[in-house]
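Below is the file run_37.txt, which contains compact mmCIF, C-alpha atoms.
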# COMPACT_ATOMS: atom_id res chain seq x y z
CA MET W 25 -112.85 1.40 132.82
CA LYS W 26 -110.24 1.03 130.16
CA GLY W 27 -107.10 -0.63 131.44
CA ALA W 28 -108.72 -1.83 134.68
CA THR W 29 -107.95 -5.40 135.72
CA ILE W 30 -110.85 -7.71 136.32
CA PRO W 31 -110.25 -10.06 139.27
CA SER W 32 -110.32 -13.67 138.26
CA VAL W 33 -112.80 -15.88 140.05
CA ALA W 34 -111.74 -19.45 140.61
CA ILE W 35 -114.43 -21.86 139.54
CA MET W 36 -114.58 -24.75 141.99
CA PRO W 37 -116.66 -27.84 141.32
CA SER W 38 -119.46 -28.55 143.74
CA PRO W 39 -118.92 -31.08 146.55
CA LEU W 40 -121.62 -33.30 145.05
CA PHE W 41 -119.81 -33.37 141.69
CA LEU W 42 -116.52 -34.23 143.39
CA TRP W 43 -118.17 -37.03 145.35
CA ARG W 44 -119.70 -38.50 142.20
CA PHE W 45 -116.39 -38.21 140.36
CA LYS W 46 -114.56 -40.04 143.15
CA ALA W 47 -117.28 -42.71 143.23
CA VAL W 48 -116.89 -43.31 139.50
CA LEU W 49 -113.10 -43.58 139.82
CA PHE W 50 -113.51 -45.97 142.74
CA LEU W 51 -115.91 -48.13 140.72
CA LEU W 52 -113.57 -48.21 137.71
CA TRP W 53 -110.66 -49.14 139.96
CA GLY W 54 -112.70 -51.98 141.50
CA LEU W 55 -113.71 -53.32 138.07
CA CYS W 56 -110.08 -53.25 136.88
CA CYS W 57 -108.88 -55.14 139.97
CA CYS W 58 -111.62 -57.76 139.56
CA LYS W 59 -110.89 -58.21 135.83
CA ILE W 60 -107.11 -58.54 136.30
CA SER W 61 -107.51 -60.89 139.27
CA TRP W 62 -110.01 -63.11 137.46
CA ASP W 63 -107.83 -63.39 134.36
CA SER W 64 -104.79 -64.16 136.53
CA VAL W 65 -106.57 -66.94 138.42
CA MET W 66 -107.90 -68.48 135.19
CA ARG W 67 -104.34 -68.79 133.87
CA MET W 68 -103.45 -71.28 136.62
CA SER W 69 -104.01 -75.01 136.53
CA VAL W 70 -107.15 -76.34 138.20
CA ASP W 71 -105.15 -78.40 140.71
CA LEU W 72 -103.21 -75.43 142.11
CA ARG W 73 -105.93 -72.82 141.78
CA ASP W 74 -107.75 -73.50 145.06
CA LEU W 75 -104.55 -73.87 147.07
CA PHE W 76 -103.15 -70.67 145.63
CA LEU W 77 -106.36 -68.75 146.34
CA TYR W 78 -106.31 -70.02 149.92
CA GLU W 79 -102.79 -68.66 150.39
CA ALA W 80 -103.55 -65.31 148.76
CA PHE W 81 -106.72 -65.04 150.78
CA LEU W 82 -104.82 -65.70 154.00
CA TYR W 83 -102.50 -62.70 153.49
CA TYR W 84 -105.18 -60.20 152.54
CA ASN W 85 -108.43 -61.20 154.25
CA PRO W 86 -107.41 -59.96 157.74
CA LEU W 87 -106.61 -56.52 156.32
CA LEU W 88 -109.93 -56.47 154.46
CA LEU W 89 -111.71 -57.25 157.74
CA VAL W 90 -109.79 -54.45 159.45
CA ALA W 91 -110.90 -52.08 156.69
CA LEU W 92 -114.50 -53.20 157.21
CA MET W 93 -114.18 -52.55 160.95
CA ILE W 94 -112.84 -49.03 160.30
CA TRP W 95 -115.66 -48.24 157.87
CA LEU W 96 -118.27 -49.37 160.40
CA TRP W 97 -116.58 -47.48 163.23
CA GLY W 98 -116.95 -44.36 161.11
CA VAL W 99 -120.68 -45.11 160.81
CA ASN W 100 -120.85 -45.46 164.60
CA LEU W 101 -119.24 -42.04 165.05
CA TRP W 102 -121.55 -40.49 162.46
CA VAL W 103 -124.63 -41.74 164.33
CA PHE W 104 -123.22 -40.53 167.66
CA ALA W 105 -122.56 -37.10 166.12
CA GLN W 106 -126.18 -36.88 164.94
CA SER W 107 -127.60 -37.93 168.31
CA SER W 108 -127.14 -36.65 171.85
CA VAL W 109 -124.41 -39.17 172.75
CA ASN W 110 -121.15 -37.35 173.50
CA TYR W 111 -118.79 -40.14 172.49
CA ALA W 112 -115.71 -37.92 172.91
CA LYS W 113 -116.52 -37.58 176.61
CA VAL W 114 -117.28 -41.30 176.95
CA PHE W 115 -113.85 -42.22 175.56
CA ASP W 116 -112.08 -39.23 177.14
CA LEU W 117 -110.85 -38.04 173.74
CA ALA W 118 -108.92 -34.84 173.07
CA GLN W 119 -110.34 -32.03 170.97
CA THR W 120 -108.16 -33.18 168.06
CA HIS W 121 -109.72 -36.64 167.90
CA LEU W 122 -110.60 -38.06 164.50
CA SER W 123 -114.08 -37.34 163.18
CA TYR W 124 -116.10 -39.84 161.21
CA ARG W 125 -114.94 -38.18 157.96
CA GLU W 126 -111.29 -38.76 158.85
CA ILE W 127 -112.06 -42.33 159.90
CA TRP W 128 -113.68 -42.93 156.52
CA ARG W 129 -110.66 -41.38 154.79
CA CYS W 130 -108.39 -43.90 156.52
CA ALA W 131 -110.76 -46.73 155.57
CA THR W 132 -110.81 -45.56 151.95
CA TRP W 133 -107.01 -45.64 151.66
CA LEU W 134 -106.86 -49.11 153.23
CA THR W 135 -109.64 -50.31 150.92
CA LEU W 136 -107.65 -49.05 147.93
CA ILE W 137 -104.24 -50.34 148.95
CA VAL W 138 -105.10 -53.88 150.04
CA PRO W 139 -106.99 -55.07 146.90
CA THR W 140 -104.39 -53.37 144.69
CA SER W 141 -101.60 -55.33 146.38
CA MET W 142 -103.65 -58.53 146.11
CA THR W 143 -104.25 -57.93 142.41
CA ALA W 144 -100.53 -57.37 141.85
CA TYR W 145 -99.78 -60.59 143.74
CA LEU W 146 -102.18 -62.64 141.61
CA TYR W 147 -100.99 -61.08 138.34
CA LEU W 148 -97.28 -61.49 139.01
CA TYR W 149 -97.59 -65.07 140.24
CA SER W 150 -99.74 -66.17 137.28
CA HIS W 151 -97.19 -64.67 134.88
CA GLY W 152 -94.23 -66.48 136.43
CA GLU W 153 -92.80 -63.58 138.47
CA VAL W 154 -92.84 -65.58 141.70
CA SER W 155 -90.22 -63.54 143.59
CA LEU W 156 -91.96 -60.26 142.77
CA ALA W 157 -95.31 -61.77 143.72
CA ALA W 158 -93.94 -62.93 147.08
CA SER W 159 -92.76 -59.40 147.84
CA GLN W 160 -96.25 -57.85 147.52
CA PRO W 161 -97.77 -58.93 150.87
CA VAL W 162 -94.42 -58.41 152.62
CA LEU W 163 -94.20 -54.81 151.39
CA LEU W 164 -97.84 -54.17 152.28
CA TYR W 165 -97.45 -55.43 155.85
CA ALA W 166 -94.17 -53.53 156.30
CA ILE W 167 -95.64 -50.23 155.06
CA LEU W 168 -98.73 -50.50 157.26
CA LEU W 169 -96.61 -51.37 160.30
CA MET W 170 -94.29 -48.41 159.71
CA ILE W 171 -97.24 -46.06 159.37
CA LEU W 172 -98.78 -47.37 162.59
CA LEU W 173 -95.55 -47.09 164.59
CA SER W 174 -94.14 -43.96 162.96
CA PRO W 175 -93.01 -41.39 165.60
CA PHE W 176 -93.29 -38.50 163.15
CA ASP W 177 -96.12 -36.00 163.22
CA MET W 178 -97.94 -37.41 160.23
CA PHE W 179 -100.83 -39.80 159.61
CA TYR W 180 -102.72 -38.66 162.74
CA LEU W 181 -99.91 -39.08 165.27
CA SER W 182 -102.01 -38.26 168.37
CA SER W 183 -104.71 -40.76 167.40
CA ARG W 184 -102.16 -43.48 166.67
CA PHE W 185 -100.49 -42.82 170.02
CA TYR W 186 -103.88 -43.03 171.79
CA PHE W 187 -104.61 -46.35 170.07
CA LEU W 188 -101.18 -47.85 170.82
CA ARG W 189 -101.33 -46.69 174.43
CA THR W 190 -104.73 -48.33 174.85
CA VAL W 191 -103.43 -51.56 173.30
CA TRP W 192 -100.52 -51.53 175.74
CA ARG W 193 -102.92 -51.07 178.66
CA ILE W 194 -104.95 -54.03 177.37
CA ILE W 195 -101.96 -56.35 177.11
CA LEU W 196 -100.62 -55.33 180.54
CA PRO W 197 -103.58 -54.37 182.79
CA LEU W 198 -101.38 -53.05 185.58
CA GLN W 199 -103.52 -49.96 186.15
CA ALA W 200 -107.18 -49.23 186.77
CA ILE W 201 -109.30 -50.29 183.79
CA THR W 202 -111.04 -47.46 181.97
CA PHE W 203 -113.95 -47.65 179.55
CA PRO W 204 -111.73 -47.33 176.41
CA ASP W 205 -109.56 -50.18 177.71
CA PHE W 206 -112.24 -52.82 177.96
CA PHE W 207 -114.22 -51.41 175.03
CA LEU W 208 -111.31 -51.94 172.64
CA ALA W 209 -110.54 -55.31 174.26
CA ASP W 210 -114.13 -56.39 173.55
CA ILE W 211 -113.68 -55.41 169.91
CA PHE W 212 -110.46 -57.45 169.84
CA THR W 213 -112.40 -60.56 170.88
CA SER W 214 -114.47 -60.15 167.72
CA MET W 215 -111.25 -59.87 165.69
CA SER W 216 -109.47 -62.92 167.10
CA LYS W 217 -109.69 -64.56 163.66
CA VAL W 218 -107.94 -61.50 162.21
CA PHE W 219 -105.09 -61.85 164.72
CA SER W 220 -104.79 -65.56 163.99
CA ASP W 221 -104.53 -65.00 160.23
CA LEU W 222 -102.04 -62.18 160.76
CA GLU W 223 -99.87 -64.56 162.79
CA ARG W 224 -100.10 -67.21 160.05
CA SER W 225 -99.17 -64.64 157.41
CA VAL W 226 -96.20 -63.22 159.32
CA CYS W 227 -95.01 -66.75 160.09
CA ARG W 228 -94.88 -67.59 156.38
CA MET W 229 -93.18 -64.32 155.55
CA VAL W 230 -90.51 -64.81 158.21
CA ASN W 231 -89.92 -68.42 157.09
CA ARG W 232 -89.91 -67.40 153.39
CA GLN W 233 -92.90 -69.54 152.51
CA VAL W 234 -94.82 -66.88 150.59
CA ALA W 235 -95.79 -68.06 147.10
CA THR W 236 -94.32 -71.53 147.79
CA ILE W 237 -95.80 -74.94 148.53
CA ALA W 238 -93.72 -75.52 151.69
CA TRP W 239 -96.57 -74.46 153.96
CA PHE W 240 -99.00 -77.00 152.43
CA GLU W 241 -97.77 -79.52 154.98
CA ALA W 242 -100.24 -79.22 157.85
CA ASP W 243 -97.68 -80.20 160.50
CA SER W 244 -95.08 -77.64 159.42
CA VAL W 245 -94.21 -74.62 161.58
CA CYS W 246 -96.72 -72.50 159.66
CA GLY W 247 -99.20 -75.27 158.87
CA SER W 248 -102.87 -75.49 159.74
CA HIS W 249 -102.15 -77.82 162.71
CA SER W 250 -99.79 -75.40 164.45
CA VAL W 251 -100.35 -74.85 168.17
CA ALA W 252 -99.89 -71.12 167.56
CA ILE W 253 -103.37 -70.91 166.02
CA PRO W 254 -105.36 -71.62 169.23
CA LEU W 255 -102.87 -69.62 171.28
CA VAL W 256 -103.40 -66.48 169.21
CA LEU W 257 -107.17 -67.04 169.12
CA VAL W 258 -107.34 -67.18 172.91
CA PHE W 259 -105.21 -64.07 173.61
CA PRO W 260 -108.06 -61.49 173.27
CA TYR W 261 -110.21 -63.50 175.70
CA LEU W 262 -107.36 -63.81 178.18
CA TRP W 263 -106.77 -60.06 178.00
CA ARG W 264 -110.42 -59.40 178.75
CA PHE W 265 -110.39 -62.05 181.50
CA PHE W 266 -107.51 -60.38 183.33
CA GLN W 267 -109.13 -56.99 182.90
CA CYS W 268 -112.18 -58.29 184.75
CA LEU W 269 -109.99 -59.61 187.55
CA ARG W 270 -108.27 -56.24 187.76
CA GLN W 271 -111.66 -54.50 187.93
CA TYR W 272 -112.70 -56.81 190.75
CA LYS W 273 -109.50 -55.98 192.62
CA ASP W 274 -110.26 -52.27 192.34
CA THR W 275 -114.05 -52.27 192.87
CA LYS W 276 -114.84 -55.54 194.74
CA GLU W 277 -117.93 -55.92 192.57
CA LYS W 278 -118.93 -59.55 192.06
CA THR W 279 -120.28 -58.82 188.59
CA CYS W 280 -116.65 -58.49 187.47
CA LEU W 281 -116.08 -62.13 188.42
CA PHE W 282 -119.15 -63.26 186.50
CA ASN W 283 -117.92 -61.25 183.52
CA ALA W 284 -114.51 -62.93 183.80
CA LEU W 285 -116.30 -66.30 183.84
CA LYS W 286 -118.01 -65.37 180.58
CA TYR W 287 -114.69 -64.83 178.80
CA SER W 288 -113.22 -67.99 180.30
CA THR W 289 -115.96 -70.07 178.60
CA ALA W 290 -114.35 -69.30 175.21
CA ILE W 291 -111.13 -71.07 176.20
CA PRO W 292 -112.54 -74.65 176.08
CA VAL W 293 -114.15 -73.91 172.69
CA ILE W 294 -110.80 -72.94 171.20
CA PHE W 295 -108.57 -75.64 172.67
CA LEU W 296 -111.03 -78.55 172.37
CA SER W 297 -111.35 -77.75 168.67
CA ALA W 298 -107.56 -77.70 168.25
CA LEU W 299 -107.31 -81.14 169.83
CA LYS W 300 -108.79 -82.73 166.71
CA TYR W 301 -105.36 -82.64 165.06
CA HIS W 302 -103.57 -84.11 168.09
CA VAL W 303 -105.81 -87.03 169.16
CA TYR W 304 -107.04 -90.19 167.49
CA PRO W 305 -110.21 -89.86 165.36
CA ASP W 306 -112.19 -92.19 167.67
CA GLN W 307 -111.29 -90.07 170.68
CA TRP W 308 -112.34 -86.92 168.88
CA VAL W 309 -115.72 -88.28 167.76
CA GLY W 310 -116.56 -90.09 170.98
CA PHE W 311 -115.29 -87.70 173.64
CA TYR W 312 -113.79 -84.36 172.60
CA ARG W 313 -116.33 -83.30 169.96
CA PRO W 314 -119.31 -83.58 172.36
CA LEU W 315 -117.36 -81.52 174.91
CA TRP W 316 -116.62 -78.96 172.21
CA LEU W 317 -120.33 -78.73 171.29
CA ILE W 318 -121.38 -78.32 174.94
CA SER W 319 -118.78 -75.64 175.59
CA SER W 320 -119.83 -73.82 172.40
CA VAL W 321 -123.47 -73.70 173.53
CA ILE W 322 -122.51 -72.48 177.00
CA ASN W 323 -120.26 -69.74 175.60
CA SER W 324 -122.86 -68.54 173.07
CA LEU W 325 -125.78 -68.40 175.50
CA TYR W 326 -123.75 -66.86 178.33
CA SER W 327 -122.40 -64.16 176.02
CA PHE W 328 -125.88 -63.45 174.64
CA TYR W 329 -127.30 -63.13 178.16
CA TRP W 330 -124.54 -60.73 179.17
CA ASP W 331 -125.10 -58.53 176.11
CA ILE W 332 -128.78 -58.17 176.90
CA LYS W 333 -128.62 -58.01 180.69
CA ARG W 334 -125.42 -56.03 181.33
CA ASP W 335 -124.00 -54.32 178.26
CA TRP W 336 -127.29 -52.88 176.97
CA ASP W 337 -130.27 -51.11 178.48
CA LEU W 338 -133.26 -52.53 176.64
CA SER W 339 -135.66 -49.97 178.09
CA ILE W 340 -134.10 -47.27 175.89
CA LEU W 341 -132.81 -49.48 173.13
CA THR W 342 -133.54 -47.18 170.18
CA ARG W 343 -132.95 -43.74 171.73
CA ILE W 344 -129.58 -43.65 169.98
CA PHE W 345 -131.43 -43.08 166.68
CA MET W 346 -133.27 -39.94 167.88
CA PHE W 347 -131.20 -37.45 165.90
CA LYS W 348 -130.90 -33.74 166.69
CA ASN W 349 -132.14 -32.77 163.23
CA PRO W 350 -135.04 -34.37 161.33
CA SER W 351 -133.82 -37.41 159.42
CA ILE W 352 -135.24 -40.33 157.52
CA TRP W 353 -133.18 -42.61 159.78
CA THR W 354 -134.99 -41.30 162.84
CA ASN W 355 -138.36 -42.09 161.28
CA LEU W 356 -137.16 -45.53 160.23
CA LEU W 357 -135.38 -46.64 163.42
CA TYR W 358 -136.47 -44.58 166.42
CA GLY W 359 -139.15 -46.20 168.57
CA GLN W 360 -139.73 -49.09 166.14
CA ASN W 361 -140.45 -52.53 167.60
CA TRP W 362 -138.77 -54.31 164.70
CA VAL W 363 -135.41 -52.81 165.75
CA PHE W 364 -135.83 -54.38 169.19
CA TYR W 365 -136.57 -57.83 167.78
CA TRP W 366 -133.88 -57.56 165.09
CA VAL W 367 -131.19 -56.72 167.64
CA LEU W 368 -132.17 -59.62 169.90
CA GLY W 369 -132.54 -62.19 167.11
CA SER W 370 -129.45 -61.26 165.12
CA ASN W 371 -127.30 -61.05 168.23
CA LEU W 372 -128.36 -64.54 169.34
CA VAL W 373 -127.82 -66.12 165.91
CA LEU W 374 -124.43 -64.49 165.35
CA ARG W 375 -123.29 -65.35 168.87
CA CYS W 376 -123.93 -69.00 168.05
CA THR W 377 -122.24 -68.94 164.62
CA TRP W 378 -119.23 -67.12 166.08
CA THR W 379 -118.00 -70.36 167.66
CA TYR W 380 -117.52 -71.70 164.12
CA LYS W 381 -114.78 -69.15 163.61
CA LEU W 382 -113.13 -69.94 166.94
CA SER W 383 -112.82 -73.60 166.01
CA ALA W 384 -109.58 -74.44 164.25
CA HIS W 385 -110.87 -77.76 162.90
CA LEU W 386 -113.57 -75.96 160.88
CA ARG W 387 -111.29 -73.44 159.19
CA HIS W 388 -110.65 -75.41 155.98
CA ASN W 389 -113.56 -73.62 154.26
CA TYR W 390 -111.94 -70.21 154.18
CA LEU W 391 -114.77 -68.42 152.36
CA THR W 392 -117.31 -69.58 154.96
CA VAL W 393 -115.03 -68.57 157.81
CA PHE W 394 -114.40 -65.17 156.20
CA THR W 395 -118.15 -64.60 155.87
CA ILE W 396 -118.75 -65.52 159.51
CA ALA W 397 -115.87 -63.30 160.63
CA ALA W 398 -117.38 -60.40 158.64
CA LEU W 399 -120.80 -61.08 160.19
CA GLU W 400 -119.23 -61.04 163.66
CA ILE W 401 -117.74 -57.62 162.90
CA LEU W 402 -121.22 -56.48 161.85
CA ARG W 403 -122.60 -57.84 165.11
CA ARG W 404 -119.94 -55.97 167.06
CA TRP W 405 -120.75 -52.80 165.08
CA GLN W 406 -124.37 -53.18 166.13
CA TRP W 407 -123.28 -53.84 169.73
CA VAL W 408 -121.21 -50.61 169.79
CA PHE W 409 -124.30 -48.40 169.37
CA PHE W 410 -126.05 -49.61 172.47
CA ARG W 411 -122.95 -50.19 174.60
CA VAL W 412 -121.71 -46.61 174.13
CA GLU W 413 -125.23 -45.23 174.60
CA ASN W 414 -125.62 -47.21 177.82
CA GLU W 415 -122.31 -45.85 179.12
CA TRP W 416 -123.30 -42.30 178.23
CA ASN W 417 -126.62 -42.71 180.05
CA LYS W 418 -124.77 -43.93 183.15
CA MET W 419 -122.45 -40.92 183.01
CA THR W 420 -125.29 -38.40 182.65
CA ALA W 421 -127.31 -40.09 185.41
CA LYS W 422 -124.30 -39.93 187.72
CA GLN W 423 -123.75 -36.25 186.91
CA ASN W 424 -127.41 -35.45 187.55
CA LEU W 425 -127.26 -37.28 190.87
CA GLU W 426 -124.15 -35.38 191.93
CA MET W 427 -125.73 -32.06 190.95
CA SER W 428 -128.91 -32.83 192.89
CA SER W 429 -126.91 -33.84 195.97
CA ASP W 430 -124.91 -30.60 195.84
CA MET W 431 -128.05 -28.46 195.71
CA PRO W 432 -129.59 -27.64 199.12
CA SER W 433 -132.98 -29.11 199.85
CA GLU W 434 -136.11 -27.01 200.45
CA GLY W 435 -135.91 -27.64 204.19
CA ASP W 436 -132.29 -26.57 204.33
CA ARG W 437 -133.11 -23.35 202.53
CA LEU W 438 -135.96 -22.57 204.98
CA LEU W 439 -133.75 -23.24 208.01
CA ASP W 440 -131.03 -21.10 206.49
CA SER W 441 -133.46 -18.23 205.89
CA SER W 442 -134.59 -18.28 209.56
CA ASN W 443 -131.09 -17.26 210.60
CA HIS W 444 -131.30 -14.04 208.60
CA THR W 445 -132.27 -10.75 210.22
CA VAL W 446 -135.41 -9.35 208.67
Mind turning the file's structure into structure tokens?
Amino acid sequence: MKGATIPSVAIMPSPLFLWRFKAVLFLLWGLCCCKISWDSVMRMSVDLRDLFLYEAFLYYNPLLLVALMIWLWGVNLWVFAQSSVNYAKVFDLAQTHLSYREIWRCATWLTLIVPTSMTAYLYLYSHGEVSLAASQPVLLYAILLMILLSPFDMFYLSSRFYFLRTVWRIILPLQAITFPDFFLADIFTSMSKVFSDLERSVCRMVNRQVATIAWFEADSVCGSHSVAIPLVLVFPYLWRFFQCLRQYKDTKEKTCLFNALKYSTAIPVIFLSALKYHVYPDQWVGFYRPLWLISSVINSLYSFYWDIKRDWDLSILTRIFMFKNPSIWTNLLYGQNWVFYWVLGSNLVLRCTWTYKLSAHLRHNYLTVFTIAALEILRRWQWVFFRVENEWNKMTAKQNLEMSSDMPSEGDRLLDSSNHTV
């Protein structure tokens, strides 16, 4: 009709188009960061280049490993959501808990922010803006810390509070240990290298050694021979050790003591390695290094045995990949023998290489240590699938047992019916 208004229809792009557009932007951003970083490094002299990269890598590699852990945790939650494992019930999560999409959103922001700050650090330092370059990691750490500790209802306040509360329960195990408590503490043992590098970074920031050569002295307060390095490395294992003792106090189960013994075997690996910088070379080669090798083998094999025997249920190892809806991943992973052998073999190999990261005297090759730390996070990601599934199976079995015990038996029903008047 003449004069009638035609309602406007908003044209929204499809989700697939938006995803592709974001992927292209992400790729362009990554290429720009790589190009600027490479040009900045090439501007430096050959003598200072490796030392400078080591320092820059120290500030940013722990945050990159945290980002990797968050990405993989999102993958864990996605698999749980597709399968029959009710992870929210396992971890006693509220209805407002973060989904895998929100986890990936957090990982995306961290993946964007950390390399951008690193690129700015490299560019500013190579162009002579040393003071501005030194402020980049300091600002990054300060912003992330404020977001984590912010009391305001923003940036997933309930989830941050849940995480911080669990961390507090790990540090001070004064109450009964729950599954989220020791689950997160186990993840922390895989991130002990991250905690150590964070301590080194904060130490240099506090002592104003960022973008300077003061920390090159190994015996300085923030040097590579500092006693703080093995102390920070051992903290996650001590937390888990005391959790096991607390569990034994509450349950009187002897397996808790054997589990505590497993975590205590990591302590000699860490401190014997640190002794290299505090004893004579002959003493290290003739006495302490053989002890370090023996303790490393014991820790690796004991931990591998415990993963297979206690943390996992090998009889149902691949049930986690039986998705509710038909999926290519179900066909590829469910019921396949190669998954069984891959899990066993990779877990054994990575358990053995993990001692390399725990050893302070082997940390001079930072790229190798970073690779091993990333592989350990991948091993822990793989471990999460079967550990959570095993816990869920225990919970459902217990519920089924309680339901069957509450139901009257056939004999009880017959006896009860004889009392009725027909």
### Query
Quick one: distance from CA of Tyr124 in chain W to CA of Ile94 in chain W in Å, one decimal?
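Calculated distance between CA of Tyr124 in chain W and CA of Ile94 in chain W is 9.8 Å.
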Please give the centre and size of the box around range 179-190 of chain W (axis-aligned, containing every atom listed in the file, 6 Å added per side), with values in Å to one decimal and written as JSON.
{"center_x": -102.3, "center_y": -43.3, "center_z": 167.2, "size_x": 16.8, "size_y": 22.1, "size_z": 27.2}
### Message
Applying 8 Å and only C-alpha atoms, which residues near Trp416 in chain W remain after dropping the ones on its own chain fewer than 2 positions away? List them as a ChimeraX atom specification.
### Response
/W:109-111,114,412-414,418-420
### Query
What separation in Å, quoted to one decimal, exists between CA of Glu400 in chain W and CA of Lys278 in chain W?
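Answer for the CA of Glu400 in chain W to CA of Lys278 in chain W separation: 28.4 Å.
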Neighbours of Trp263 in chain W within 10 Å (only C-alpha atoms; same-chain residues fewer than 6 positions away dropped), as a CSV table (one decimal) with C-alpha atoms, in the frame of the given file?
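The resulting selection.csv:
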chain,number,residue,atom,x,y,z
W,193,ARG,CA,-102.9,-51.1,178.7
W,194,ILE,CA,-105.0,-54.0,177.4
W,195,ILE,CA,-102.0,-56.4,177.1
W,196,LEU,CA,-100.6,-55.3,180.5
W,197,PRO,CA,-103.6,-54.4,182.8
W,206,PHE,CA,-112.2,-52.8,178.0
W,209,ALA,CA,-110.5,-55.3,174.3
W,210,ASP,CA,-114.1,-56.4,173.6
W,212,PHE,CA,-110.5,-57.4,169.8
W,213,THR,CA,-112.4,-60.6,170.9
W,287,TYR,CA,-114.7,-64.8,178.8
#### Entry: W:Leu96, W:Ile167, W:Leu72, W:Ala290 ranked by distance to Arg125 in chain W, top pick (using all atoms listed in the file)
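Ranked by minimum distance to Arg125 in chain W, first place goes to W:Leu96.
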### Message
Could you list, as a list in words, every residue within 8 Å of range 145-153 of chain W, counting all atoms listed in the file and ignoring same-chain residues fewer than 6 positions away?
### Response
Ile60, Ser61, Ser64, Val65, Arg67, Met68, Ala80, Gln160, Pro161 and Ala235 of chain W
Let's have the selection written as a short mmCIF file (atom, residue, chain, number, x, y, z; two decimals), in the coordinates of the input, with C-alpha atoms.
data_model
loop_
_atom_site.label_atom_id
_atom_site.label_comp_id
_atom_site.auth_asym_id
_atom_site.auth_seq_id
_atom_site.Cartn_x
_atom_site.Cartn_y
_atom_site.Cartn_z
CA ILE W 60 -107.11 -58.54 136.30
CA SER W 61 -107.51 -60.89 139.27
CA SER W 64 -104.79 -64.16 136.53
CA VAL W 65 -106.57 -66.94 138.42
CA ARG W 67 -104.34 -68.79 133.87
CA MET W 68 -103.45 -71.28 136.62
CA ALA W 80 -103.55 -65.31 148.76
CA GLN W 160 -96.25 -57.85 147.52
CA PRO W 161 -97.77 -58.93 150.87
CA ALA W 235 -95.79 -68.06 147.10
#
### Coordinates-based distance that separates CA of Leu163 in chain W from CA of Thr395 in chain W (Å, one decimal)
26.3 Å
## Note on the structure
Residue with the minimum atom-to-atom distance to Tyr84 in chain W, picked from W:Pro314, W:Pro292, W:Pro260, W:Pro139 with only C-alpha atoms counted, is W:Pro139
### Query
Which is closest to Gly247 in chain W among W:Ser319, W:Glu79, W:Met142, W:Ala200, if we use all atoms listed in the file?
W:Glu79
### Query
Nearest to Ile332 in chain W among W:Phe410, W:Leu262, W:Phe185, W:Arg403, with distances taken over only C-alpha atoms: which residue is it?
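Checking each candidate against Ile332 in chain W, we get W:Phe410 as the closest.
Among the candidates W:Leu222, W:Leu101, W:Ala144, W:Leu188, the residue lying nearest to Tyr83 in chain W is W:Leu222 (atoms considered: all atoms listed in the file).
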### Query
Could you pull the residues within 7 Å of Phe115 in chain W, counting only C-alpha atoms, minus those fewer than 3 positions along the same chain, as a PyMOL selection string?
chain W and resi 111-112+203-204
### Query
Nearest to Ser250 in chain W among W:Lys273, W:Lys333, W:Arg184, W:Arg224, with distances taken over all atoms listed in the file: which residue is it?
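Of the candidates, the smallest distance to Ser250 in chain W is held by W:Arg224.
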### Task
Might you pull out every residue within 10 Å of Ala118 in chain W, with only C-alpha atoms counted and same-chain residues fewer than 6 positions away left off, and present them as a ChimeraX atom specification?
/W:112,182-183,186
Okay, now the selection with C-alpha atoms, as a PDB file, in the frame of the given file?
ATOM      1  CA  ALA W 112    -115.710 -37.920 172.910  1.00  0.00           C
ATOM      2  CA  SER W 182    -102.010 -38.260 168.370  1.00  0.00           C
ATOM      3  CA  SER W 183    -104.710 -40.760 167.400  1.00  0.00           C
ATOM      4  CA  TYR W 186    -103.880 -43.030 171.790  1.00  0.00           C
TER       5      TYR W 186
END
Restore N, CA and C atoms in range 257-264 of chain W and list the result as a compact mmCIF listing (two decimals), keeping the file's coordinate frame.
# COMPACT_ATOMS: atom_id res chain seq x y z
N LEU W 257 -105.72 -67.21 169.01
CA LEU W 257 -107.17 -67.04 169.12
C LEU W 257 -107.60 -66.74 170.54
N VAL W 258 -106.91 -67.31 171.51
CA VAL W 258 -107.34 -67.18 172.91
C VAL W 258 -106.82 -65.90 173.56
N PHE W 259 -105.80 -65.27 172.99
CA PHE W 259 -105.21 -64.07 173.61
C PHE W 259 -106.24 -62.98 173.91
N PRO W 260 -107.10 -62.57 172.96
CA PRO W 260 -108.06 -61.49 173.27
C PRO W 260 -108.97 -61.84 174.45
N TYR W 261 -109.34 -63.10 174.59
CA TYR W 261 -110.21 -63.50 175.70
C TYR W 261 -109.45 -63.51 177.02
N LEU W 262 -108.17 -63.87 176.96
CA LEU W 262 -107.36 -63.81 178.18
C LEU W 262 -107.15 -62.35 178.61
N TRP W 263 -106.92 -61.47 177.65
CA TRP W 263 -106.77 -60.06 178.00
C TRP W 263 -108.02 -59.54 178.70
N ARG W 264 -109.16 -59.87 178.14
CA ARG W 264 -110.42 -59.40 178.75
C ARG W 264 -110.65 -60.07 180.11
